[in-house]
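Visitor: Okay, handing you the structure first.
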Amino acid sequence: MKKIKIFISMILLMILGAAISYADSNINTKYSTLKSSLECINAEYEFYNVKYNSELEYNISKEKLKKVLFNIVEIFGASQNEIEYDENWNTKKKEIFINVELKNIKLSVKGIKENSNEAYITVDISEHKVYKHIEDDYNKLEKLLKNYSNNTEIYACIVGKYTKKLQNDKYDDILDKILYNMSAEEIHKIKNKHFLSAVAYGKVLRYSELDYLGKKINLNIAIRYKEDIGETYVYIASPIIKIDY
């Protein structure tokens, strides 16, 4: 029964994630806030992940879309020889893909033109292992996207770990510390022997929220012990976790 509840809860979050949109998010503030919560529980920083989906409601040319995508990866220091480029541009599909894998970060950027009045830019930044001094890069990226879109979805998640197995009651202690740091109210929680997942509403994250079971949420916290490697991982995301855990 517990497994069924966990599965249903995760499906609900995935469905809600497909519908949220918030154009006024501040990723610089969001990263700093999530980082402070990781620090308050004394977890070891593992990586930062953020996903963007920007909608362009006008006719953008292939050349302009391509230029925007290259400008995005250049923010993170990618050189021409580190960029994998591909495109599928014909009468049926109009898509451009750029992938970059650097020492401490992976980027996947896509431009899709649906028609003369609709296009999308998606940016998936994963395994960003640099802990400090990265706010400026995300601030530049956000400003660049705002130059072309008034409608951008942003999902951010910071991941930390403990290099050991924790007692089950420690999961609640970790959750309470994060909620206190975020000035957050717990909305829903599921817990079993090696797993905890909770959604909450944090006052410091007012700019990103969605409806969940009739209430507002903007914070998703998960704790999981991975038996195969003997480590306990903590995921702190706003508004919801969009990566596998």
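Just so we're on the same page: first chain in the structure tokens is A, next is B, and so on; residues restart at 1 for each chain, and ligands are numbered from 1 in the order they show up.
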Sorted by chain and rising residue number, list the residues of range 90-200 of chain A at most 12 Å from range 61-73 of chain A (counting only C-alpha atoms), each with its closest atom pair and distance in Å to one decimal, as a Markdown table.
Guide:
```
| residue | atom | partner | partner_atom | distance |
| --- | --- | --- | --- | --- |
| A:Asn90 | CA | A:Lys62 | CA | 10.9 |
| A:Lys93 | CA | A:Lys62 | CA | 11.9 |
| A:Lys94 | CA | A:Lys62 | CA | 8.3 |
| A:Glu95 | CA | A:Lys62 | CA | 8.9 |
| A:Ile96 | CA | A:Lys66 | CA | 7.1 |
| A:Phe97 | CA | A:Leu69 | CA | 8.4 |
| A:Ile98 | CA | A:Leu69 | CA | 7.4 |
| A:Asn99 | CA | A:Val73 | CA | 8.7 |
| A:Val100 | CA | A:Val73 | CA | 7.6 |
| A:Glu101 | CA | A:Val73 | CA | 10.4 |
| A:Leu102 | CA | A:Val73 | CA | 10.6 |
| A:Ile105 | CA | A:Val73 | CA | 10.9 |
| A:Lys106 | CA | A:Val73 | CA | 10.0 |
| A:Leu107 | CA | A:Val73 | CA | 7.3 |
| A:Ser108 | CA | A:Val73 | CA | 8.8 |
| A:Val109 | CA | A:Leu69 | CA | 6.6 |
| A:Lys110 | CA | A:Leu69 | CA | 7.3 |
| A:Gly111 | CA | A:Leu65 | CA | 6.6 |
| A:Ile112 | CA | A:Leu65 | CA | 8.7 |
| A:Lys113 | CA | A:Lys62 | CA | 8.4 |
| A:Glu114 | CA | A:Ser61 | CA | 11.8 |
| A:Asn115 | CA | A:Ser61 | CA | 10.8 |
| A:Ser116 | CA | A:Ser61 | CA | 9.1 |
| A:Asn117 | CA | A:Ser61 | CA | 11.1 |
| A:Glu118 | CA | A:Ser61 | CA | 11.4 |
| A:Ala119 | CA | A:Leu65 | CA | 9.2 |
| A:Tyr120 | CA | A:Leu65 | CA | 9.5 |
| A:Ile121 | CA | A:Leu69 | CA | 8.0 |
| A:Thr122 | CA | A:Leu69 | CA | 9.3 |
| A:Val123 | CA | A:Ile72 | CA | 8.5 |
| A:Asp124 | CA | A:Val73 | CA | 10.9 |
| A:Ile125 | CA | A:Val73 | CA | 10.1 |
| A:Asp137 | CA | A:Ile72 | CA | 9.8 |
| A:Tyr138 | CA | A:Ile72 | CA | 10.1 |
| A:Asn139 | CA | A:Ile72 | CA | 11.6 |
| A:Lys140 | CA | A:Ile72 | CA | 8.9 |
| A:Leu141 | CA | A:Ile72 | CA | 6.5 |
| A:Glu142 | CA | A:Ile72 | CA | 9.7 |
| A:Lys143 | CA | A:Ile72 | CA | 10.6 |
| A:Leu144 | CA | A:Ile72 | CA | 7.8 |
| A:Leu145 | CA | A:Val68 | CA | 8.7 |
| A:Lys146 | CA | A:Val68 | CA | 11.7 |
| A:Asn147 | CA | A:Val68 | CA | 10.1 |
| A:Tyr148 | CA | A:Val68 | CA | 9.0 |
| A:Ser149 | CA | A:Val68 | CA | 11.8 |
```
Visitor: Mind checking DSSP for range 142-243 of chain A and telling me the helix (DSSP H, G or I) residues as a list in words?
Guide: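 Taking range 142-243 of chain A and keeping helix (DSSP H, G or I) only, one gets Glu142, Lys143, Leu144, Leu145, Lys146, Asn168, Asp169, Lys170, Tyr171, Asp172, Asp173, Ile174, Leu175, Asp176, Lys177, Ile178, Leu179, Tyr180, Asn181, Lys203, Val204 and Leu205 of chain A.
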Visitor: Limited to N, CA, C and O atoms, could you put the picked residues into a file as a CSV table (one decimal), in the first residue's frame?
Guide:
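Ended up saving to result_39.csv:
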```csv
chain,number,residue,atom,x,y,z
A,142,GLU,N,19.1,33.7,-17.4
A,142,GLU,CA,17.7,34.2,-17.2
A,142,GLU,C,17.4,35.5,-18.0
A,142,GLU,O,16.4,35.7,-18.6
A,143,LYS,N,18.4,36.4,-17.9
A,143,LYS,CA,18.2,37.7,-18.6
A,143,LYS,C,18.1,37.5,-20.1
A,143,LYS,O,17.4,38.1,-20.8
A,144,LEU,N,19.0,36.6,-20.6
A,144,LEU,CA,19.0,36.3,-22.0
A,144,LEU,C,17.6,35.7,-22.5
A,144,LEU,O,17.0,36.2,-23.5
A,145,LEU,N,17.1,34.8,-21.7
A,145,LEU,CA,15.8,34.2,-22.1
A,145,LEU,C,14.7,35.2,-22.0
A,145,LEU,O,13.7,35.2,-22.8
A,146,LYS,N,14.7,36.1,-21.0
A,146,LYS,CA,13.7,37.2,-20.9
A,146,LYS,C,13.7,38.1,-22.1
A,146,LYS,O,12.7,38.8,-22.3
A,168,ASN,N,16.3,6.2,10.5
A,168,ASN,CA,15.0,6.6,9.9
A,168,ASN,C,14.5,7.9,10.5
A,168,ASN,O,13.9,8.7,9.8
A,169,ASP,N,14.6,8.0,11.9
A,169,ASP,CA,14.1,9.2,12.5
A,169,ASP,C,14.8,10.5,12.1
A,169,ASP,O,14.3,11.6,12.3
A,170,LYS,N,16.1,10.3,11.6
A,170,LYS,CA,16.9,11.5,11.1
A,170,LYS,C,16.2,12.1,9.9
A,170,LYS,O,16.4,13.3,9.6
A,171,TYR,N,15.5,11.3,9.1
A,171,TYR,CA,14.8,11.9,7.9
A,171,TYR,C,13.9,13.0,8.3
A,171,TYR,O,13.8,14.1,7.7
A,172,ASP,N,13.1,12.8,9.4
A,172,ASP,CA,12.2,13.9,9.8
A,172,ASP,C,12.9,15.1,10.4
A,172,ASP,O,12.5,16.2,10.2
A,173,ASP,N,14.1,14.8,11.0
A,173,ASP,CA,14.9,16.0,11.5
A,173,ASP,C,15.4,16.8,10.4
A,173,ASP,O,15.4,18.1,10.5
A,174,ILE,N,15.9,16.2,9.3
A,174,ILE,CA,16.4,16.9,8.1
A,174,ILE,C,15.2,17.7,7.5
A,174,ILE,O,15.4,18.9,7.2
A,175,LEU,N,14.1,17.1,7.3
A,175,LEU,CA,12.9,17.7,6.8
A,175,LEU,C,12.6,19.0,7.6
A,175,LEU,O,12.3,20.1,7.0
A,176,ASP,N,12.5,18.8,8.9
A,176,ASP,CA,12.1,19.9,9.8
A,176,ASP,C,13.1,21.1,9.6
A,176,ASP,O,12.7,22.3,9.6
A,177,LYS,N,14.4,20.8,9.5
A,177,LYS,CA,15.4,21.9,9.4
A,177,LYS,C,15.2,22.6,8.1
A,177,LYS,O,15.3,23.9,8.1
A,178,ILE,N,15.0,21.9,7.0
A,178,ILE,CA,14.8,22.5,5.7
A,178,ILE,C,13.5,23.4,5.7
A,178,ILE,O,13.5,24.5,5.3
A,179,LEU,N,12.4,22.9,6.3
A,179,LEU,CA,11.2,23.6,6.4
A,179,LEU,C,11.4,24.9,7.2
A,179,LEU,O,10.9,26.0,6.8
A,180,TYR,N,12.1,24.8,8.3
A,180,TYR,CA,12.3,26.0,9.1
A,180,TYR,C,13.2,27.0,8.3
A,180,TYR,O,12.9,28.2,8.4
A,181,ASN,N,14.2,26.5,7.6
A,181,ASN,CA,15.0,27.5,6.9
A,181,ASN,C,14.3,28.2,5.8
A,181,ASN,O,14.6,29.3,5.4
A,203,LYS,N,7.5,30.5,2.4
A,203,LYS,CA,7.3,31.9,2.2
A,203,LYS,C,8.4,32.6,1.4
A,203,LYS,O,8.2,33.6,0.7
A,204,VAL,N,9.6,32.0,1.4
A,204,VAL,CA,10.8,32.6,0.7
A,204,VAL,C,10.8,32.2,-0.7
A,204,VAL,O,11.6,32.7,-1.5
A,205,LEU,N,9.8,31.4,-1.2
A,205,LEU,CA,9.7,31.0,-2.6
A,205,LEU,C,8.4,31.4,-3.2
A,205,LEU,O,7.8,30.7,-3.9
```
Visitor: What is the distance between CA of Lys193 in chain A and CA of Lys226 in chain A, in Å to one decimal?
Guide: 11.6 Å
Visitor: Near Lys216 in chain A, counting only C-alpha atoms, which residues have an atom at most 9 Å away, once you skip same-chain residues fewer than 6 positions from it, shown as a ChimeraX atom specification?
Guide: /A:187,200-201,209-210
Visitor: I'd like the contact shell of Ser32 in chain A - 12 Å cut-off, only C-alpha atoms, skipping same-chain residues fewer than 5 positions apart - returned as number ranges by chain.
Guide: A: 26-27, 37-39, 48, 131-136, 138-139, 156-158, 182, 204-205
